[in-house]
Structure formats: C-alpha cells, structure tokens
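Visitor: upload.cif (mmCIF, C-alpha atoms and all ligand atoms) pasted underneath:
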```cif
data_data
loop_
_atom_site.label_atom_id
_atom_site.label_comp_id
_atom_site.auth_asym_id
_atom_site.auth_seq_id
_atom_site.Cartn_x
_atom_site.Cartn_y
_atom_site.Cartn_z
CA MET A 1 70.36 -18.93 18.87
CA GLN A 2 68.46 -20.50 15.93
CA GLN A 3 66.04 -23.26 16.98
CA LEU A 4 66.51 -26.49 15.05
CA PHE A 5 63.91 -29.06 14.07
CA PRO A 6 64.17 -32.23 16.18
CA GLY A 7 66.61 -34.53 14.41
CA GLU A 8 68.70 -31.85 12.72
CA VAL A 9 71.07 -32.25 15.69
CA PHE A 10 73.89 -29.86 14.73
CA ALA A 11 73.57 -26.09 14.69
CA LYS A 12 75.29 -26.06 11.28
CA THR A 13 74.01 -28.60 8.75
CA ALA A 14 77.54 -28.87 7.33
CA ASP A 15 78.70 -30.30 10.70
CA PHE A 16 76.23 -33.21 10.56
CA ASP A 17 78.15 -35.80 8.54
CA ALA A 18 81.35 -35.60 10.59
CA GLY A 19 79.57 -34.90 13.89
CA ILE A 20 77.14 -37.82 13.77
CA ARG A 21 80.08 -40.19 13.19
CA GLN A 22 81.67 -38.92 16.42
CA LEU A 23 78.44 -38.77 18.41
CA LEU A 24 77.17 -42.27 17.58
CA PRO A 25 79.14 -45.50 17.53
CA ARG A 26 79.27 -47.37 14.23
CA TYR A 27 77.03 -45.05 12.24
CA ASP A 28 78.34 -46.23 8.86
CA GLU A 29 78.02 -49.89 9.81
CA MET A 30 74.44 -49.30 10.96
CA LEU A 31 73.43 -47.69 7.65
CA GLU A 32 75.32 -50.36 5.73
CA VAL A 33 73.20 -53.03 7.44
CA ILE A 34 70.01 -51.32 6.23
CA SER A 35 71.31 -51.07 2.68
CA ARG A 36 72.22 -54.77 2.74
CA CYS A 37 68.76 -55.77 4.01
CA VAL A 38 67.11 -54.02 1.06
CA PRO A 39 66.94 -56.44 -1.90
CA LEU A 40 69.46 -55.60 -4.64
CA SER A 41 66.66 -55.63 -7.23
CA CYS A 42 64.64 -53.04 -5.30
CA ASP A 43 63.07 -50.43 -7.56
CA ARG A 44 60.84 -48.08 -5.55
CA ILE A 45 62.20 -47.11 -2.13
CA LEU A 46 60.69 -44.69 0.37
CA GLU A 47 63.03 -43.06 2.89
CA LEU A 48 61.64 -41.25 5.94
CA GLY A 49 63.80 -38.50 7.49
CA CYS A 50 66.65 -38.63 4.94
CA GLY A 51 68.69 -35.85 6.58
CA THR A 52 71.87 -35.14 4.63
CA GLY A 53 71.29 -38.16 2.37
CA GLU A 54 73.85 -40.62 3.75
CA LEU A 55 71.48 -43.63 3.73
CA SER A 56 70.04 -42.67 0.33
CA LEU A 57 73.56 -42.59 -1.05
CA LYS A 58 74.46 -46.04 0.29
CA ILE A 59 71.25 -47.49 -1.19
CA LEU A 60 71.68 -45.80 -4.58
CA GLN A 61 75.26 -47.10 -4.77
CA ARG A 62 74.20 -50.65 -3.91
CA CYS A 63 70.87 -51.07 -5.76
CA PRO A 64 71.30 -50.16 -9.44
CA GLN A 65 67.57 -49.90 -10.23
CA ALA A 66 66.52 -48.09 -7.07
CA GLN A 67 64.47 -44.91 -7.33
CA VAL A 68 64.43 -43.26 -3.91
CA VAL A 69 61.64 -40.98 -2.71
CA ALA A 70 63.05 -39.23 0.37
CA LEU A 71 60.93 -37.27 2.87
CA ASP A 72 62.31 -34.77 5.37
CA TYR A 73 60.61 -31.79 6.96
CA SER A 74 63.81 -29.75 7.16
CA PRO A 75 64.53 -27.64 4.05
CA ARG A 76 68.16 -27.26 5.21
CA MET A 77 68.74 -31.03 5.41
CA LEU A 78 66.92 -31.67 2.11
CA GLU A 79 68.99 -29.07 0.26
CA TYR A 80 72.19 -30.55 1.65
CA ALA A 81 71.08 -34.06 0.61
CA GLN A 82 70.00 -32.90 -2.84
CA ASN A 83 73.44 -31.37 -3.54
CA LYS A 84 75.26 -34.44 -2.28
CA ILE A 85 73.15 -36.87 -4.33
CA ALA A 86 73.54 -34.71 -7.45
CA ALA A 87 77.33 -34.48 -6.96
CA ALA A 88 77.45 -38.29 -6.77
CA GLY A 89 75.59 -38.50 -10.09
CA TYR A 90 72.31 -39.93 -8.79
CA ALA A 91 69.99 -36.94 -9.23
CA ASN A 92 67.80 -38.82 -11.73
CA ARG A 93 67.15 -41.64 -9.23
CA TRP A 94 66.35 -39.52 -6.15
CA SER A 95 63.58 -37.11 -5.31
CA GLY A 96 63.42 -35.18 -2.07
CA ILE A 97 60.07 -34.09 -0.66
CA GLU A 98 59.68 -31.53 2.13
CA ALA A 99 57.14 -33.21 4.38
CA ASP A 100 56.49 -34.32 7.95
CA PHE A 101 56.29 -38.11 7.95
CA GLY A 102 53.76 -37.93 10.79
CA ASP A 103 51.54 -35.92 8.48
CA TRP A 104 52.11 -38.51 5.73
CA ALA A 105 51.14 -41.28 8.18
CA ASN A 106 47.81 -39.56 8.85
CA ASN A 107 47.08 -38.15 5.38
CA PRO A 108 49.08 -40.08 2.76
CA GLU A 109 46.85 -38.98 -0.13
CA LYS A 110 48.02 -35.35 0.40
CA PHE A 111 51.52 -36.17 -0.80
CA GLY A 112 50.85 -38.00 -4.07
CA ILE A 113 53.79 -40.39 -3.67
CA GLY A 114 51.64 -43.49 -4.19
CA ARG A 115 52.04 -46.95 -2.76
CA GLU A 116 53.65 -50.21 -3.86
CA PHE A 117 57.11 -49.36 -2.54
CA THR A 118 59.36 -52.43 -2.46
CA ALA A 119 61.12 -51.10 0.61
CA CYS A 120 60.84 -48.35 3.18
CA VAL A 121 63.90 -47.29 5.18
CA SER A 122 64.67 -44.78 7.91
CA SER A 123 67.54 -43.96 10.23
CA LEU A 124 67.70 -41.92 13.42
CA ALA A 125 64.40 -40.13 12.76
CA ILE A 126 61.34 -42.11 13.88
CA HIS A 127 62.40 -42.02 17.55
CA HIS A 128 61.25 -38.38 17.56
CA LEU A 129 57.61 -39.51 17.33
CA GLN A 130 55.52 -40.45 20.34
CA ASP A 131 54.71 -44.18 20.48
CA GLU A 132 51.13 -43.71 19.30
CA MET A 133 52.45 -41.99 16.15
CA LYS A 134 55.21 -44.56 15.68
CA PHE A 135 52.48 -47.19 15.49
CA GLN A 136 50.38 -45.07 13.11
CA LEU A 137 53.48 -44.63 10.92
CA PHE A 138 54.26 -48.37 10.93
CA GLN A 139 50.67 -49.05 9.84
CA GLN A 140 50.96 -46.52 7.00
CA ILE A 141 54.30 -48.02 5.93
CA ALA A 142 52.68 -51.48 5.85
CA ALA A 143 49.85 -50.08 3.70
CA SER A 144 52.35 -48.46 1.31
CA LEU A 145 54.51 -51.51 0.60
CA SER A 146 54.03 -54.13 -2.10
CA SER A 147 53.10 -57.58 -0.76
CA ASP A 148 56.77 -58.71 -0.77
CA GLY A 149 57.91 -55.37 0.69
CA CYS A 150 60.19 -54.77 3.66
CA PHE A 151 60.86 -51.99 6.15
CA TRP A 152 64.14 -51.33 7.97
CA ASN A 153 64.73 -48.72 10.63
CA ALA A 154 67.82 -47.75 12.63
CA ASP A 155 67.15 -45.91 15.86
CA PRO A 156 68.27 -45.48 19.43
CA THR A 157 66.15 -47.59 21.77
CA LEU A 158 65.26 -47.27 25.44
CA PRO A 159 67.65 -49.32 27.63
CA GLU A 160 65.94 -52.56 28.60
CA SER A 161 66.82 -51.96 32.26
CA PRO A 162 68.00 -48.98 34.33
CA LEU A 163 71.09 -51.10 34.98
CA LEU A 164 72.07 -50.73 31.31
CA VAL A 165 71.79 -46.94 31.10
CA GLU A 166 75.39 -46.38 32.22
CA VAL A 167 76.67 -49.31 30.19
CA TYR A 168 75.22 -47.85 26.99
CA GLN A 169 76.43 -44.36 27.89
CA ALA A 170 79.96 -45.61 28.54
CA ALA A 171 80.01 -47.23 25.08
CA ARG A 172 79.24 -43.85 23.52
CA GLU A 173 81.86 -42.04 25.62
CA GLU A 174 84.49 -44.58 24.61
CA TRP A 175 83.53 -44.30 20.95
CA ALA A 176 83.88 -40.51 20.99
CA ALA A 177 87.25 -40.84 22.75
CA GLN A 178 88.42 -43.24 20.02
CA GLN A 179 87.59 -40.52 17.48
CA GLY A 180 89.87 -38.15 19.42
CA LYS A 181 86.96 -36.22 21.01
CA THR A 182 85.02 -36.22 24.24
CA LEU A 183 81.24 -36.42 23.98
CA ALA A 184 81.18 -32.96 25.57
CA GLU A 185 83.28 -31.57 22.69
CA VAL A 186 81.01 -33.12 20.07
CA ARG A 187 77.91 -31.95 21.93
CA ALA A 188 79.18 -28.37 21.88
CA LYS A 189 78.24 -28.30 18.19
CA VAL A 190 74.75 -29.65 18.86
CA GLY A 191 71.96 -27.08 18.57
CA THR A 192 68.75 -26.78 20.53
CA SER A 193 65.48 -27.95 19.07
CA SER A 194 61.86 -27.52 19.99
CA THR A 195 58.80 -29.50 18.96
CA GLN A 196 58.10 -29.29 15.24
CA GLY A 197 55.07 -30.92 13.66
CA TYR A 198 54.84 -34.49 14.93
CA SER A 199 58.42 -34.63 16.21
CA SER A 200 59.86 -33.64 19.54
CA GLN A 201 62.98 -34.46 21.53
CA ASP A 202 63.86 -38.16 21.83
CA GLN A 203 60.81 -40.35 22.49
CA LEU A 204 62.60 -43.65 22.96
CA ALA A 205 60.82 -47.01 23.16
CA THR A 206 62.39 -50.37 23.94
CA LEU A 207 63.36 -52.64 21.08
CA ASN A 208 60.71 -55.13 22.19
CA ALA A 209 58.03 -52.43 22.09
CA HIS A 210 59.06 -51.60 18.51
CA LEU A 211 58.91 -55.24 17.44
CA GLN A 212 55.45 -55.59 19.00
CA MET A 213 54.26 -52.47 17.17
CA LEU A 214 55.57 -53.85 13.87
CA THR A 215 53.74 -57.14 14.42
CA ASN A 216 50.54 -55.31 15.31
CA ALA A 217 50.94 -53.13 12.21
CA GLY A 218 50.90 -56.24 9.99
CA PHE A 219 54.54 -57.26 9.57
CA GLU A 220 54.50 -61.06 9.67
CA THR A 221 58.28 -61.49 9.84
CA VAL A 222 60.15 -59.14 12.18
CA ALA A 223 63.90 -59.17 12.69
CA VAL A 224 66.80 -57.35 14.35
CA PRO A 225 69.76 -57.68 11.98
CA TRP A 226 72.00 -55.43 14.09
CA LYS A 227 72.23 -54.15 17.66
CA TYR A 228 75.04 -52.27 19.39
CA TYR A 229 74.30 -51.26 22.97
CA GLY A 230 71.39 -48.78 22.72
CA LEU A 231 71.28 -48.62 18.91
CA ALA A 232 69.42 -51.12 16.74
CA VAL A 233 68.42 -51.88 13.17
CA PHE A 234 65.06 -53.62 13.14
CA GLY A 235 62.13 -54.18 10.81
CA GLY A 236 60.93 -56.97 8.61
CA TRP A 237 58.72 -58.16 5.80
CA LEU A 238 55.00 -57.93 5.39
CA ARG A 239 54.71 -61.60 4.48
CA LYS A 240 55.64 -64.66 6.49
CA LEU A 241 59.03 -66.01 5.35
C1 LIG A 301 69.41 -37.44 12.98
S1 LIG A 301 68.85 -37.04 11.38
C2 LIG A 301 69.21 -38.54 10.52
C3 LIG A 301 69.33 -38.32 9.06
C4 LIG A 301 69.69 -39.54 8.24
N1 LIG A 301 68.59 -40.46 8.19
C5 LIG A 301 70.93 -40.19 8.78
O1 LIG A 301 70.86 -41.29 9.33
O2 LIG A 301 72.01 -39.58 8.67
C6 LIG A 301 67.07 -37.09 11.52
C7 LIG A 301 66.37 -36.47 10.33
O3 LIG A 301 64.97 -36.74 10.47
C8 LIG A 301 64.25 -35.56 10.13
N2 LIG A 301 62.95 -35.64 10.84
C9 LIG A 301 62.71 -35.79 12.16
N3 LIG A 301 61.40 -35.83 12.40
C10 LIG A 301 60.78 -35.72 11.19
C11 LIG A 301 59.42 -35.69 10.77
N4 LIG A 301 58.41 -35.78 11.66
N5 LIG A 301 59.15 -35.59 9.45
C12 LIG A 301 60.15 -35.49 8.54
N6 LIG A 301 61.47 -35.48 8.87
C13 LIG A 301 61.79 -35.61 10.19
C14 LIG A 301 65.16 -34.40 10.57
O4 LIG A 301 64.89 -33.21 9.87
C15 LIG A 301 66.53 -34.98 10.23
O5 LIG A 301 66.92 -34.62 8.94
#
```
Show this structure as structure tokens.
Ligand SMILES: C[S@@+](CC[C@H](N)C(=O)[O-])C[C@H]1O[C@@H](n2cnc3c(N)ncnc32)[C@H](O)[C@@H]1O
Guide:
Amino acid sequence: MQQLFPGEVFAKTADFDAGIRQLLPRYDEMLEVISRCVPLSCDRILELGCGTGELSLKILQRCPQAQVVALDYSPRMLEYAQNKIAAAGYANRWSGIEADFGDWANNPEKFGIGREFTACVSSLAIHHLQDEMKFQLFQQIAASLSSDGCFWNADPTLPESPLLVEVYQAAREEWAAQQGKTLAEVRAKVGTSSTQGYSSQDQLATLNAHLQMLTNAGFETVAVPWKYYGLAVFGGWLRKL
C-alpha cells in the first residue's frame, strides 16, 4: 500500500473533503472561525499545510483583497487545491508552493516568499511537528508578520487530563454516527503514513502549552476563539491589544 505523508490522512486525495467532515466534528465551523478572525482588509496571507484548499477558499471568498501564499509538502494535495481554487475563479489570488513548513521555519530565505504577511493561518497540520519545531515555527511566523499581523491555527490538542480522553473520543464517535457512519467506517479510508521531513504522526500538545509557546515566540495578545472537546482554534496578534 502507498505510504502517505503525515497529514494527507486519506489513501485517495479525492476522499479528503468528504472524509474529514465525517472524521472531525464541526470542521467547517472551525475553518469559518479562522476566516472570521482574519481582518477583512487582509492583503498578504500565508497558509501552512493548505491540503485540498478548503481554508484558502473560505478566506478568498471572505477577504476580497487577499493574496494567499499556500505551502504544502504534498504534491497530491497541492494539485487538488490548485484545481479547486482555479475552478472557483481565484487562481490569480492564490499561489501554491511545494515546501515543508519545518524547512521554511529553519531556512525562510530559501523560499523567497518574503515577510510582512498581514496574517498567517493553518489548520490540522502543525500538530505533526514535535514541540521544539512548533516553537521554532511560531517564532518564524512572528518574524514574517507585519507589526499588526495575526496568526490563527486550528489543531487537535492533547486532552488536559486522562479523564477527558474518553469524553473527547465519545464526542467524535457521536459526530461520525450523526453523519451516518461509524468512526471505524471512516477510518477504513484512512491511509498509513510514515515520517516525512519535519512531520510525523500526531505530536499533540495541550492548548496551554501552545499558548505559552505563542507568548514566548513574541505574540503579545493570545486568544482561543473556538474550542470543541479536543479541537481548538488559537493564535493571536503580535502587538498588545
Ligand atoms: C489534515 S491536512 C489539513 C489540510 C487543510 N489545512 C484542511 O484543514 O483541510 C494536513 C495538511 O498538512 C500538510 N503537512 C503536514 N505536515 C507538513 C509539513 N511539515 N510541511 C508542509 N505541509 C505539511 C499535509 O500534506 C496535508 O495536506
């Protein structure tokens, strides 16, 4: 069986958009929160781990001046995203770059994408990095934003207590059942991945650990605009608000 890159999730890329909505509760709501936290007037936006382009699309629809630079290390996901964005008529406001965002965090000059982004966004991707690299990435994001810039990330987080593991799991089981599937049925379409570049299987950290890393990386205002059991949208602004 073909080995996937961590984060590609489904053996067939074409299964991702429907599958992720069965696998994870409130996926659309979660991405919607990120797109609402990005200022409407945003011009330059960096997306890390764009996958099939669902978050890019929501942002392009909402922010009329946004130019999105989207990084993903998977050529399959990037191609899928590129076709989707072009079909929606946004090809001139979106550029996909095949790159490992861990590599970008360590060697940003290699990629020639510049700095002064007004926002950086990511969903369901950064949790594949080890904590040390998450922190390195947050520092590089801080260095790549304009002074009024913001960063928003949606990711699964480590349950705050072992007592919550089953609670969070039950929420996912119930969600899948509401979509007419069992988690086992959805997971049958999930492929197997091995370490690729800086990413490996889930490397979850608690929400508090993420917020601490953001503060240490230079974000003066950190916030959690959305949380649903073990999923959260968190981030903030470089400046104090
Ligand atoms: C679960 S998908 C999420 C895609 C999209 N953001 C969404 O919410 O639908 C994670 C994506 O992150 C990408 N990814 C994971 N680790 C990466 C890395 N180190 N560098 C670049 N892309 C990465 C994977 O290829 C995949 O497309």
Visitor: Between A:Met77, A:Leu24, A:Ala88, A:Val165, which one has atoms that come closest to ligand LIG 301 (chain A), using only C-alpha atoms and all ligand atoms?
Guide: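 Answer, going by the shortest atom-to-atom distance: A:Met77.
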Visitor: Report as CSV the residues of chain A within 8 Å of ligand LIG 301 (chain A), each with its shortest atom pair and distance in Å (one decimal), using all atoms listed in the file, ordered by chain and increasing residue number.
Guide:
```
residue,atom,partner,partner_atom,distance
A:Phe5,CA,A:LIG301,O4,6.0
A:Pro6,CA,A:LIG301,C9,5.6
A:Gly7,CA,A:LIG301,C6,3.9
A:Glu8,CA,A:LIG301,C15,4.6
A:Val9,CA,A:LIG301,C1,6.1
A:Phe16,CA,A:LIG301,O2,7.9
A:Asp17,CA,A:LIG301,O2,7.2
A:Ile20,CA,A:LIG301,O2,7.4
A:Tyr27,CA,A:LIG301,O1,7.8
A:Leu31,CA,A:LIG301,O1,7.1
A:Leu48,CA,A:LIG301,N6,6.5
A:Gly49,CA,A:LIG301,O3,3.7
A:Cys50,CA,A:LIG301,N1,4.2
A:Gly51,CA,A:LIG301,O5,3.2
A:Thr52,CA,A:LIG301,O2,6.0
A:Gly53,CA,A:LIG301,C4,6.2
A:Glu54,CA,A:LIG301,O2,5.4
A:Leu55,CA,A:LIG301,O1,6.1
A:Leu71,CA,A:LIG301,C12,6.0
A:Asp72,CA,A:LIG301,N6,3.7
A:Tyr73,CA,A:LIG301,C12,4.0
A:Ser74,CA,A:LIG301,O4,4.5
A:Met77,CA,A:LIG301,O5,5.4
A:Leu78,CA,A:LIG301,O5,7.4
A:Glu98,CA,A:LIG301,C12,7.5
A:Ala99,CA,A:LIG301,C12,5.6
A:Asp100,CA,A:LIG301,N5,3.3
A:Phe101,CA,A:LIG301,N5,4.1
A:Gly102,CA,A:LIG301,N4,5.2
A:Asp103,CA,A:LIG301,N4,7.6
A:Ser122,CA,A:LIG301,N1,5.8
A:Ser123,CA,A:LIG301,N1,4.2
A:Leu124,CA,A:LIG301,C2,4.7
A:Ala125,CA,A:LIG301,O3,4.1
A:Ile126,CA,A:LIG301,N3,6.5
A:His128,CA,A:LIG301,N3,5.8
A:Leu129,CA,A:LIG301,N4,6.8
A:Ala154,CA,A:LIG301,O1,7.9
A:Gln196,CA,A:LIG301,N4,7.4
A:Gly197,CA,A:LIG301,N4,6.2
A:Tyr198,CA,A:LIG301,N4,5.0
A:Ser199,CA,A:LIG301,N4,4.7
A:Ser200,CA,A:LIG301,N3,7.6
```
Visitor: Keeping only C-alpha atoms, write the selected residues to a file as a short mmCIF file (atom, residue, chain, number, x, y, z; two decimals), in the coordinates of the input.
Guide:
```
data_model
loop_
_atom_site.label_atom_id
_atom_site.label_comp_id
_atom_site.auth_asym_id
_atom_site.auth_seq_id
_atom_site.Cartn_x
_atom_site.Cartn_y
_atom_site.Cartn_z
CA PHE A 5 63.91 -29.06 14.07
CA PRO A 6 64.17 -32.23 16.18
CA GLY A 7 66.61 -34.53 14.41
CA GLU A 8 68.70 -31.85 12.72
CA VAL A 9 71.07 -32.25 15.69
CA PHE A 16 76.23 -33.21 10.56
CA ASP A 17 78.15 -35.80 8.54
CA ILE A 20 77.14 -37.82 13.77
CA TYR A 27 77.03 -45.05 12.24
CA LEU A 31 73.43 -47.69 7.65
CA LEU A 48 61.64 -41.25 5.94
CA GLY A 49 63.80 -38.50 7.49
CA CYS A 50 66.65 -38.63 4.94
CA GLY A 51 68.69 -35.85 6.58
CA THR A 52 71.87 -35.14 4.63
CA GLY A 53 71.29 -38.16 2.37
CA GLU A 54 73.85 -40.62 3.75
CA LEU A 55 71.48 -43.63 3.73
CA LEU A 71 60.93 -37.27 2.87
CA ASP A 72 62.31 -34.77 5.37
CA TYR A 73 60.61 -31.79 6.96
CA SER A 74 63.81 -29.75 7.16
CA MET A 77 68.74 -31.03 5.41
CA LEU A 78 66.92 -31.67 2.11
CA GLU A 98 59.68 -31.53 2.13
CA ALA A 99 57.14 -33.21 4.38
CA ASP A 100 56.49 -34.32 7.95
CA PHE A 101 56.29 -38.11 7.95
CA GLY A 102 53.76 -37.93 10.79
CA ASP A 103 51.54 -35.92 8.48
CA SER A 122 64.67 -44.78 7.91
CA SER A 123 67.54 -43.96 10.23
CA LEU A 124 67.70 -41.92 13.42
CA ALA A 125 64.40 -40.13 12.76
CA ILE A 126 61.34 -42.11 13.88
CA HIS A 128 61.25 -38.38 17.56
CA LEU A 129 57.61 -39.51 17.33
CA ALA A 154 67.82 -47.75 12.63
CA GLN A 196 58.10 -29.29 15.24
CA GLY A 197 55.07 -30.92 13.66
CA TYR A 198 54.84 -34.49 14.93
CA SER A 199 58.42 -34.63 16.21
CA SER A 200 59.86 -33.64 19.54
#
```
Visitor: Could you state the separation of atom CA of Pro156 of chain A and atom CA of Gly230 of chain A in Å, given to one decimal place?
Guide: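 Distance between the two atoms: 5.6 Å.
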Visitor: What does the structure give for the distance between atom CA of Ser56 of chain A and atom CA of Ala171 of chain A, in Å to one decimal?
Guide: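 Separating atom CA of Ser56 of chain A from atom CA of Ala171 of chain A is a distance of 27.1 Å.
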Visitor: Hey, what's within 12 Å of segment 162-164 of chain A if we count all atoms listed in the file and toss same-chain stuff fewer than 4 positions away? As an mmCIF file with C-alpha atoms, keeping the file's coordinate frame, please?
Guide:
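Wrote it out as part.cif, contents follow:
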```cif
data_model
loop_
_atom_site.group_PDB
_atom_site.id
_atom_site.type_symbol
_atom_site.label_atom_id
_atom_site.label_comp_id
_atom_site.auth_asym_id
_atom_site.auth_seq_id
_atom_site.Cartn_x
_atom_site.Cartn_y
_atom_site.Cartn_z
ATOM 1 C CA THR A 157 66.150 -47.590 21.770
ATOM 2 C CA LEU A 158 65.260 -47.270 25.440
ATOM 3 C CA TYR A 168 75.220 -47.850 26.990
ATOM 4 C CA GLN A 169 76.430 -44.360 27.890
ATOM 5 C CA ALA A 170 79.960 -45.610 28.540
ATOM 6 C CA ALA A 171 80.010 -47.230 25.080
ATOM 7 C CA THR A 206 62.390 -50.370 23.940
ATOM 8 C CA TYR A 229 74.300 -51.260 22.970
ATOM 9 C CA GLY A 230 71.390 -48.780 22.720
#
```
Visitor: Check the smallest atom-to-atom distance from each of A:Pro39, A:Pro225, A:Gly19, A:Gly236 to Phe138 of chain A using all atoms listed in the file, then report the winner.
Guide: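 That would be A:Gly236, the residue with the smallest distance to Phe138 of chain A.
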Visitor: Name the residues in contact with Pro108 of chain A at a cut-off of 12 Å, using only C-alpha atoms, excluding same-chain residues fewer than 4 positions from it; report them as a list of chain:residue names.
Guide: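 So the residues in contact are A:Ala99, A:Asp100, A:Phe101, A:Gly102, A:Asp103, A:Trp104, A:Gly112, A:Ile113, A:Gly114, A:Arg115, A:Gln136, A:Leu137, A:Gln139, A:Gln140, A:Ile141, A:Ala143, A:Ser144.
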Visitor: Just to confirm, what's the straight-line distance from atom CA of Ile45 of chain A to atom CA of Asn106 of chain A in Å (one decimal)?
Guide: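 Computed distance, atom CA of Ile45 of chain A to atom CA of Asn106 of chain A, equals 19.6 Å.
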Visitor: Please write as a ChimeraX atom specification the list of polymer residues whose atoms come within 9 Å of (70.7, -43.0, -2.0), counting all atoms listed in the file and keeping to the coordinates of the file.
Guide: /A:53-63,66-68,70,85,90,93-94
Visitor: Pick from A:Ala232, A:Ala176, A:Ala18, A:Cys120: nearest to Leu204 of chain A, with all atoms listed in the file counted?
Guide: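 Going through A:Ala232, A:Ala176, A:Ala18, A:Cys120 one by one, the smallest distance to Leu204 of chain A is for A:Ala232.
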Visitor: Which is closest to Pro25 of chain A among A:Ser146, A:Gln178, A:Asn83, A:Ser95, if we use all atoms listed in the file?
Guide: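 For Pro25 of chain A, the nearest of the given residues is A:Gln178.
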Visitor: Write out as a ChimeraX atom specification the residues lying within 9 Å of Gln65 of chain A, counting all atoms listed in the file and excluding same-chain residues fewer than 6 positions away.
Guide: /A:40-44,93
Visitor: Using C-alpha atoms, can you write the selected residues to a file as a CSV table (one decimal), in the coordinates of the input?
Guide:
```
chain,number,residue,atom,x,y,z
A,40,LEU,CA,69.5,-55.6,-4.6
A,41,SER,CA,66.7,-55.6,-7.2
A,42,CYS,CA,64.6,-53.0,-5.3
A,43,ASP,CA,63.1,-50.4,-7.6
A,44,ARG,CA,60.8,-48.1,-5.6
A,93,ARG,CA,67.2,-41.6,-9.2
```
Visitor: Would you please work out which residue, of A:Lys110, A:Lys84, A:Arg21, A:Lys12, is nearest to Leu183 of chain A when using only C-alpha atoms?
Guide: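 For Leu183 of chain A, the nearest of the candidates is A:Arg21.
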Visitor: Check the smallest atom-to-atom distance from each of A:Ser147, A:Thr192, A:Asn107, A:Ser161 to Glu220 of chain A using only C-alpha atoms, then report the winner.
Guide: A:Ser147
